[in-house]
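Student: If you scroll down you'll find the structure; I have some questions about it.
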Protein chains: 2
Amino acid sequence: MADNKVNEFLANARKAVSFPVEELTNFLDDGAKNTDHLIHPSIIKARRRWLENLIDSKKEPVFINHDRIFLNREQLYVRALQKSKRLIQLKKQYDLSPTDWNTLIIATGEALPIILNDFMFRPVIEGQMSEEQIKKWLPLVENYAILGCYVQTELGHGSNVRKLETTATYIRETDEFEIHSPTLTSTKWWPGSLARTRYTLNLYPSNVVVNHTNVDWPIFIHSNHGAVFARLIIDNKDYGVHPFIVQFRGKDHKPLPGIEIGDIGPKYGMNVIDNGFLRFTKVRIPRTNMPMKFSKVSNTGVYTRPPHAKMAYGVLVLGRADIIQNAAIILARVLTIAIRYSIIRRQGNDYKDPSQELQVLDYQSQQYKLFRGLAMAYVFLFNARFMRKLIEENLSKVNQGDVSLMAEVHINSAGWKALCTDLVTASIEDARRSCGGHGYSSLSGIPEILSFYSQYPTVEGENTIMYLQTGNYLLKTFQSIKKGKIINGRLNYIKDYKKILLQKSSSKSVEQLLDPDFQLESFRHRFLYLIFNLDSDLKTTSQVHPDGFEGAKSGHIIDTLNVTRAYCYLTILSNAHEGLKSLMKQHPRLYPTLRNLVDLFFVDTVLIQSGDFLMAGYYDSNHIKLLQRTQKQLLRKIRPDAIGLVDAWEFSDNCLNSALGRSDGDVYETMYNWVKEEPSNQKQETGVYVGYNEVLKNVLSGDYLKEIGLSRNDGVEKAKL
Amino acid sequence: MADNKVNEFLANARKAVSFPVEELTNFLDDGAKNTDHLIHPSIIKARRRWLENLIDSKKEPVFINHDRIFLNREQLYVRALQKSKRLIQLKKQYDLSPTDWNTLIIATGEALPIILNDFMFRPVIEGQMSEEQIKKWLPLVENYAILGCYVQTELGHGSNVRKLETTATYIRETDEFEIHSPTLTSTKWWPGSLARTRYTLNLYPSNVVVNHTNVDWPIFIHSNHGAVFARLIIDNKDYGVHPFIVQFRGKDHKPLPGIEIGDIGPKYGMNVIDNGFLRFTKVRIPRTNMPMKFSKVSNTGVYTRPPHAKMAYGVLVLGRADIIQNAAIILARVLTIAIRYSIIRRQGNDYKDPSQELQVLDYQSQQYKLFRGLAMAYVFLFNARFMRKLIEENLSKVNQGDVSLMAEVHINSAGWKALCTDLVTASIEDARRSCGGHGYSSLSGIPEILSFYSQYPTVEGENTIMYLQTGNYLLKTFQSIKKGKIINGRLNYIKDYKKILLQKSSSKSVEQLLDPDFQLESFRHRFLYLIFNLDSDLKTTSQVHPDGFEGAKSGHIIDTLNVTRAYCYLTILSNAHEGLKSLMKQHPRLYPTLRNLVDLFFVDTVLIQSGDFLMAGYYDSNHIKLLQRTQKQLLRKIRPDAIGLVDAWEFSDNCLNSALGRSDGDVYETMYNWVKEEPSNQKQETGVYVGYNEVLKNVLSGDYLKEIGLSRNDGVEKAKL
């Protein structure tokens, strides 16, 4: 993009950025020479650019995105398969590492079948099968000789896995399992991708990821195998839910006998993916199709319980961690679009010069809509990096038989997943609205991102359930500590809750309020205030509730959710400040700008929930007023850097797929050119006017009245065209 | 629907409702015998049912909705035209009143072309044309001999109408105007329906509505005329933006010379509607195509200014009032779906009986998600009825030359439009998530409603701009009153602001807190606190800001938005309590339940913004704690009545178009049956597997590797299927 072709407002904005954008890109790449990447998983930054060049849509038209909005579901699906196939070919051709593979996938800008899912089918093969089973199945999966999917949820059963109804009954005579759907509600429903496909990031630490070079793709209709979760029944005894590898389709993709399979229809988003349904009528599979690393069934029908029931749990956590990572990337994508457009778009009179219109980004309200999201994007990035470290730490402990970090990994991944997806979904919608009418158009690219992302508050653990799991754990921990139990680790400070609850802010200035230690002190105080109150209320209520403690708890769900949110804000903010500390050392020139964003996240959180903080008593109303002023100052400070803070992510125009968010700012020409490809416009070029012959001619001519025995009022006929 | 076929949980829930549902339906119909309707615009209730029967999809299959999700845009459009034509035929055949006509349109459950828009093209004809012009044009419009649209926004210009670029230059030689698009950004963009189509309610008071019997439909591609807003230029002098009637299409719907016209492509929602673009290259129209009731251009090119510039403004207000009305209906539709499903769906163990799963609606968190919306639906209903009265009052005053209510109508319609659409959009999303995974499926019906409704925070006045207009007016009023000006009308209490700001709640009990007068006192106090502070801050800042007051204001946009919101909450709550008062007299049996909803709206508002209330000082933290307990009590009280509160609206299953929200609760069977119609499932029945021949066969066979000169790893070939 030659500088002289760039929209002048955008070009001027870029000149005003206060920090070196290239260095921020470097930081986002997790170090130019750092092989242990996060966001742009590249060996070196130049390598990322080389990789992105491989799928340059000018050379490889299959990767063109902008006409996608005009395709119907079938066309979308076939296009995505073609794209996926080409990606696999590139992977094989250049023998790409998992790292490079992820870079490529992210750069396509779309959730793709075949490729995206590293986590669901293959982990069942690798993680739950015996060595002997792996030898048989893994090569098939690695080479796409079979395509597998993860088949868990049923029409009537989602989050509560223990209530799944599909059965796998052991048939001693033939040493087989019979897979069966006993009821309508047991019909497998959704498998494919609602819960499964995502902009996958490599979350495994480098020593683990090496085993995941090749990736199978578990989407449903095209998959010919699946890991089906079903109740294991032996001699009429129910051993609970286990996975079973079942083949669905045979020659020429035809469903096998006893298999009823299909697409579940369109969805809010992700219509490129074919989520499916599946019913089994007494389908037999060999006994050895049950993965037997942990649970086993012998050829005499004897069931052996797994020694470590919790081990399979890790996959779920990784799924959530993945979502926590994506939070930053998705926000950065949307904000790249909205911030660029808000610099180009002008509206309303400039009070200084009424002949001019202001850049929309100069309005405080627009800054408020967008910079809060921008702050989250960077805060969530720091948080994601912490999450990765925590997972690595846990994995290395678990490998040594130490499960002491498991609970922390669980409650953080559950709570953060819920809070991040809640906040990101709302922030995408804010960004959409910040683009005015054009934000409603598919040409903006935002509706697709919004409807795609809106699955995340539900999948991989519905958010309310996630908050409650974390909240209940926190409550138990609080109660244990109160009773004198000593807890090591990051929740250790709870023991000082009495002392902490007496704290009050002594800050008199903005500088003091924004001091990181004081920021965290206020969040810690608020969290402890809420959990202390919940605990007290529960104690009181339990005594009078006919159902005791459980009854009392069911009447305090709202409070439990609030406790978890307060905990998540505290820990996320804490992780952001940790990240800033090392940033200060490694990239001092980036520090001031990123510090402003973290400060804004802090200030915004307090202001939106100021009632909590005032009730807790750490802040008084003078502090809140000071924070209100601080918020406005921060918005002003961030304004000139905003364009650099989004440019640094280096999303290609094709990846963004937005007429509003182009890096050269050529918004209107692009919109105009894109709509020319709209199918009914193309037809019009050939003299076909959709709807005219079908209906409109009949109405305009008045024939619609003749059909019901009426005629037009006087005077109209002669005026008729 | 025979009672014995209804889902047992739903049937039991219906038995537990504490009030007479039929009476509530009656109230929603605005009185069984009341011709002056609001929600179900029927002469008598039985008539509404008779009308809905006219479009029963069993007899008239064109009205079937459930397969709509499988149609592509072209099919959707043609289907909608067919539906519209049939509706027009029914209207003509039965000579339906505007009242009946609206009932029919609402009952179709879809935003339809041709029919829905009473407000945009025709009002230009009727409202801005001279008597002579009306005689020519109205019969054409009334009889659908021409189809018109409202063409205002441009690619580069939305809310700021004064900056539109399209020109209409007077050509003296031929007594014509030349319509021209001088730049790319002047391309007309969006006209059609983003801002225009809605679930139309009859908002005109009965004495006015009589003039609107026949309705033209202004959608774009199929429209052959339009009211084009352009800058009037005479002898190089710019007279500002005026409407001009321009013909776009001629014989066989072909665009006329100089007209470039097309569809602007898919959108987040409303894809049934063809929003369009339009460029003019020196298109000539007769001078008399300019509506000349107010502004006039003579045949010698002399321009006459309108005597009453503000009169055309009324249409905008009506558009907003319409949106304020719809807020209640849309929420009621979504909540009918989500509440019915939450009664049928079971999840998680019942702590009293672990073998059972709880009804999802029994969780406090689910009640919180849904009953807040339910409260809003009824509060907004009361508010809409107040709005209607206010508009009638204003119209009758205006007819007597009294414009004293105009400002109040404007600021209320602007602010309420913004707040209602913000809250409703969020509430629809809450309802979507409350349905778990199935809420993401189009089969739930909710994605369509959500993406459709999400236009409203932007259209008919973008919400931020609306809030600011209202806020600036309130600020000016406050400043005038402070200076001693006497304001009559509903803002009169501002004069007591000093006394009011000293108030503190003396409530000690729930009963006192919920006393309507105290509820309103707290909201009034909060509003005055915020506006008092804004005013003080502006005074201080103006003195130091280099750009004085205007500069200071631009730095306090966030506060101005908050002032407006506080004002809107106050007035909406006040209108709800007014409504409750008359409800108590007319429908005492409904009062307790609807009172609970209004109370919940009040409590919820305080709790979500408790920081404001604590800062204002009317409440202290003990009040807030009491309100937190009250909220939970209200949720429990509403639980048994929830099903009655949605059933009473009597949305037909076809109108709801949701597998989850059926009145008989047959959720799973319906989902299963509907997906069988999915196109790729239908193809599979004939042995065609979408994607298999195109790509998957190539991948599964390993041929994709051969294409790039590689072959499969050892061991895979023999395992290949």
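How things are named: the first chain in the structure tokens is A, the next is B, and so on; residues count from 1 in each chain; ligands count from 1 in the order shown.
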Report as a PyMOL selection string all protein, DNA and RNA residues lying within 8 Å of Leu534 in chain A, evaluated on only C-alpha atoms, omitting residues in the same chain fewer than 3 positions from it.

Tutor: chain A and resi 530-531+537-538+556+559-560

Student: Quick one, how far is CA of Met584 in chain B from CA of Leu405 in chain B?

Tutor: 28.5 Å

Student: When you look at Arg305 in chain B with a cut-off of 12 Å (counting only C-alpha atoms), what residues show up, excluding the ones that are within fewer than 3 positions of it in the same chain? I need them as a list of chain:residue names.

Tutor: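 Those residues are B:Leu232, B:Tyr239, B:Gly240, B:His242, B:Met292, B:Lys293, B:Phe294, B:Ser295, B:Lys296, B:Val297, B:Ser298, B:Val302, B:His308, B:Ala309.
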
Student: Limited to all heavy atoms, could you put the picked residues into a file as a JSON list (two decimals), in the first residue's frame?

Tutor:
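Wrote result_1.json, looks like this:
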[["chain", "number", "residue", "atom", "x", "y", "z"],
["B", 232, "LEU", "N", -31.41, 21.78, -3.19],
["B", 232, "LEU", "CA", -32.05, 22.58, -4.23],
["B", 232, "LEU", "C", -31.10, 23.71, -4.64],
["B", 232, "LEU", "O", -30.69, 24.52, -3.81],
["B", 232, "LEU", "CB", -33.37, 23.16, -3.69],
["B", 232, "LEU", "CG", -34.07, 24.21, -4.56],
["B", 232, "LEU", "CD1", -34.49, 23.61, -5.90],
["B", 232, "LEU", "CD2", -35.28, 24.76, -3.82],
["B", 239, "TYR", "N", -30.24, 26.24, -1.74],
["B", 239, "TYR", "CA", -31.36, 26.48, -0.83],
["B", 239, "TYR", "C", -31.56, 25.35, 0.18],
["B", 239, "TYR", "O", -32.61, 25.28, 0.82],
["B", 239, "TYR", "CB", -32.64, 26.73, -1.64],
["B", 239, "TYR", "CG", -32.64, 28.05, -2.39],
["B", 239, "TYR", "CD1", -32.14, 28.13, -3.69],
["B", 239, "TYR", "CD2", -33.11, 29.22, -1.79],
["B", 239, "TYR", "CE1", -32.12, 29.34, -4.38],
["B", 239, "TYR", "CE2", -33.10, 30.43, -2.47],
["B", 239, "TYR", "CZ", -32.60, 30.50, -3.76],
["B", 239, "TYR", "OH", -32.58, 31.68, -4.42],
["B", 240, "GLY", "N", -30.61, 24.44, 0.27],
["B", 240, "GLY", "CA", -30.72, 23.37, 1.27],
["B", 240, "GLY", "C", -31.48, 22.16, 0.76],
["B", 240, "GLY", "O", -31.89, 22.10, -0.40],
["B", 242, "HIS", "N", -34.24, 19.37, 0.07],
["B", 242, "HIS", "CA", -35.68, 19.24, -0.17],
["B", 242, "HIS", "C", -35.97, 17.89, -0.83],
["B", 242, "HIS", "O", -35.09, 17.32, -1.47],
["B", 242, "HIS", "CB", -36.17, 20.34, -1.12],
["B", 242, "HIS", "CG", -36.12, 21.71, -0.54],
["B", 242, "HIS", "ND1", -34.94, 22.39, -0.33],
["B", 242, "HIS", "CD2", -37.11, 22.54, -0.10],
["B", 242, "HIS", "CE1", -35.19, 23.57, 0.20],
["B", 242, "HIS", "NE2", -36.49, 23.70, 0.36],
["B", 292, "MET", "N", -44.87, 20.88, -3.10],
["B", 292, "MET", "CA", -44.88, 22.33, -2.92],
["B", 292, "MET", "C", -45.93, 22.84, -1.94],
["B", 292, "MET", "O", -46.49, 23.90, -2.13],
["B", 292, "MET", "CB", -45.05, 23.03, -4.28],
["B", 292, "MET", "CG", -43.91, 22.73, -5.22],
["B", 292, "MET", "SD", -43.56, 24.08, -6.34],
["B", 292, "MET", "CE", -42.51, 23.29, -7.55],
["B", 293, "LYS", "N", -46.17, 22.06, -0.91],
["B", 293, "LYS", "CA", -47.08, 22.58, 0.11],
["B", 293, "LYS", "C", -46.39, 23.69, 0.90],
["B", 293, "LYS", "O", -46.98, 24.72, 1.18],
["B", 293, "LYS", "CB", -47.52, 21.47, 1.06],
["B", 293, "LYS", "CG", -48.54, 21.94, 2.10],
["B", 293, "LYS", "CD", -49.05, 20.76, 2.93],
["B", 293, "LYS", "CE", -50.15, 21.23, 3.89],
["B", 293, "LYS", "NZ", -50.62, 20.09, 4.71],
["B", 294, "PHE", "N", -45.16, 23.47, 1.26],
["B", 294, "PHE", "CA", -44.44, 24.46, 2.05],
["B", 294, "PHE", "C", -43.44, 25.23, 1.18],
["B", 294, "PHE", "O", -43.70, 26.35, 0.78],
["B", 294, "PHE", "CB", -43.73, 23.76, 3.23],
["B", 294, "PHE", "CG", -44.68, 22.98, 4.09],
["B", 294, "PHE", "CD1", -44.59, 21.61, 4.20],
["B", 294, "PHE", "CD2", -45.71, 23.64, 4.78],
["B", 294, "PHE", "CE1", -45.48, 20.90, 4.99],
["B", 294, "PHE", "CE2", -46.60, 22.93, 5.57],
["B", 294, "PHE", "CZ", -46.48, 21.55, 5.68],
["B", 295, "SER", "N", -42.28, 24.61, 0.89],
["B", 295, "SER", "CA", -41.33, 25.27, 0.00],
["B", 295, "SER", "C", -41.89, 25.24, -1.42],
["B", 295, "SER", "O", -42.54, 24.27, -1.82],
["B", 295, "SER", "CB", -40.00, 24.52, 0.00],
["B", 295, "SER", "OG", -39.48, 24.49, 1.30],
["B", 296, "LYS", "N", -41.61, 26.30, -2.16],
["B", 296, "LYS", "CA", -42.13, 26.36, -3.54],
["B", 296, "LYS", "C", -41.04, 26.90, -4.45],
["B", 296, "LYS", "O", -40.23, 27.73, -4.06],
["B", 296, "LYS", "CB", -43.33, 27.33, -3.62],
["B", 296, "LYS", "CG", -44.60, 26.83, -2.98],
["B", 296, "LYS", "CD", -45.74, 27.81, -3.28],
["B", 296, "LYS", "CE", -47.05, 27.39, -2.63],
["B", 296, "LYS", "NZ", -47.07, 27.48, -1.16],
["B", 297, "VAL", "N", -41.07, 26.40, -5.71],
["B", 297, "VAL", "CA", -40.25, 27.02, -6.76],
["B", 297, "VAL", "C", -41.21, 27.36, -7.90],
["B", 297, "VAL", "O", -41.93, 26.48, -8.39],
["B", 297, "VAL", "CB", -39.13, 26.08, -7.24],
["B", 297, "VAL", "CG1", -38.40, 26.71, -8.43],
["B", 297, "VAL", "CG2", -38.14, 25.79, -6.11],
["B", 298, "SER", "N", -41.23, 28.62, -8.30],
["B", 298, "SER", "CA", -42.17, 29.02, -9.36],
["B", 298, "SER", "C", -41.60, 28.68, -10.73],
["B", 298, "SER", "O", -40.42, 28.31, -10.85],
["B", 298, "SER", "CB", -42.41, 30.53, -9.28],
["B", 298, "SER", "OG", -41.30, 31.20, -9.83],
["B", 302, "VAL", "N", -38.32, 31.18, -8.96],
["B", 302, "VAL", "CA", -38.29, 31.93, -7.70],
["B", 302, "VAL", "C", -38.62, 30.99, -6.55],
["B", 302, "VAL", "O", -39.63, 30.29, -6.58],
["B", 302, "VAL", "CB", -39.29, 33.11, -7.74],
["B", 302, "VAL", "CG1", -39.30, 33.82, -6.39],
["B", 302, "VAL", "CG2", -38.92, 34.05, -8.87],
["B", 308, "HIS", "N", -43.93, 27.48, 7.94],
["B", 308, "HIS", "CA", -43.74, 26.76, 9.20],
["B", 308, "HIS", "C", -42.74, 25.63, 9.00],
["B", 308, "HIS", "O", -43.10, 24.51, 8.67],
["B", 308, "HIS", "CB", -45.06, 26.16, 9.70],
["B", 308, "HIS", "CG", -46.12, 27.20, 9.88],
["B", 308, "HIS", "ND1", -46.03, 28.21, 10.83],
["B", 308, "HIS", "CD2", -47.29, 27.41, 9.22],
["B", 308, "HIS", "CE1", -47.11, 28.97, 10.76],
["B", 308, "HIS", "NE2", -47.89, 28.53, 9.79],
["B", 309, "ALA", "N", -41.48, 25.94, 9.21],
["B", 309, "ALA", "CA", -40.43, 24.98, 8.89],
["B", 309, "ALA", "C", -40.52, 23.72, 9.73],
["B", 309, "ALA", "O", -40.11, 22.64, 9.32],
["B", 309, "ALA", "CB", -39.07, 25.63, 9.08]]

Student: Need to verify the contact set: range 670-679 of chain B, 10 Å, only C-alpha atoms, exclusion of same-chain residues closer than 2 positions in sequence. Can you return it as JSON, numbers by chain?

Tutor: {"A": [73, 74, 155, 184, 185, 187, 189, 262, 263, 264, 265, 266, 276, 277], "B": [66, 67, 69, 70, 71, 438, 441, 443, 444, 658, 659, 660, 662, 665, 666, 667, 668, 681, 682, 683, 684, 685, 690]}

Student: Kindly give the distance, in Å, that separates CA of Ser522 in chain B and CA of Leu501 in chain B, rounded to a single decimal.

Tutor: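 Calculated distance between CA of Ser522 in chain B and CA of Leu501 in chain B is 10.1 Å.
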
Student: Just the number, please: distance in Å from CA of Val424 in chain A to CA of Cys435 in chain B, one decimal.

Tutor: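 Pair CA of Val424 in chain A / CA of Cys435 in chain B returns 19.7 Å.
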
Student: Would you please extract all alpha helix (DSSP H) residues from range 100-171 of chain B, as assigned by DSSP on the backbone, and give them as a ChimeraX atom specification?

Tutor: /B:100-108,121-128,131-142

Student: Determine the nearest neighbour of chain B from the options A:Pro255, A:Gly373, A:Gly192, A:Pro182, counting only C-alpha atoms.

Tutor: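 Among the listed residues, the smallest separation from chain B belongs to A:Pro255.
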
Student: Could you check the closest approach to chain B for each of A:Thr425, A:Asn326, A:Gln364, A:Thr153 and tell me which residue wins, using only C-alpha atoms?

Tutor: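 So, comparing all the options, the nearest one is A:Gln364.
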
Student: With distances taken over only C-alpha atoms, which of A:Ser159, A:Asn289, A:Ser701, A:Ser355 is nearest to Gly437 in chain B?

Tutor: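 So, comparing all the options, the nearest one is A:Ser159.
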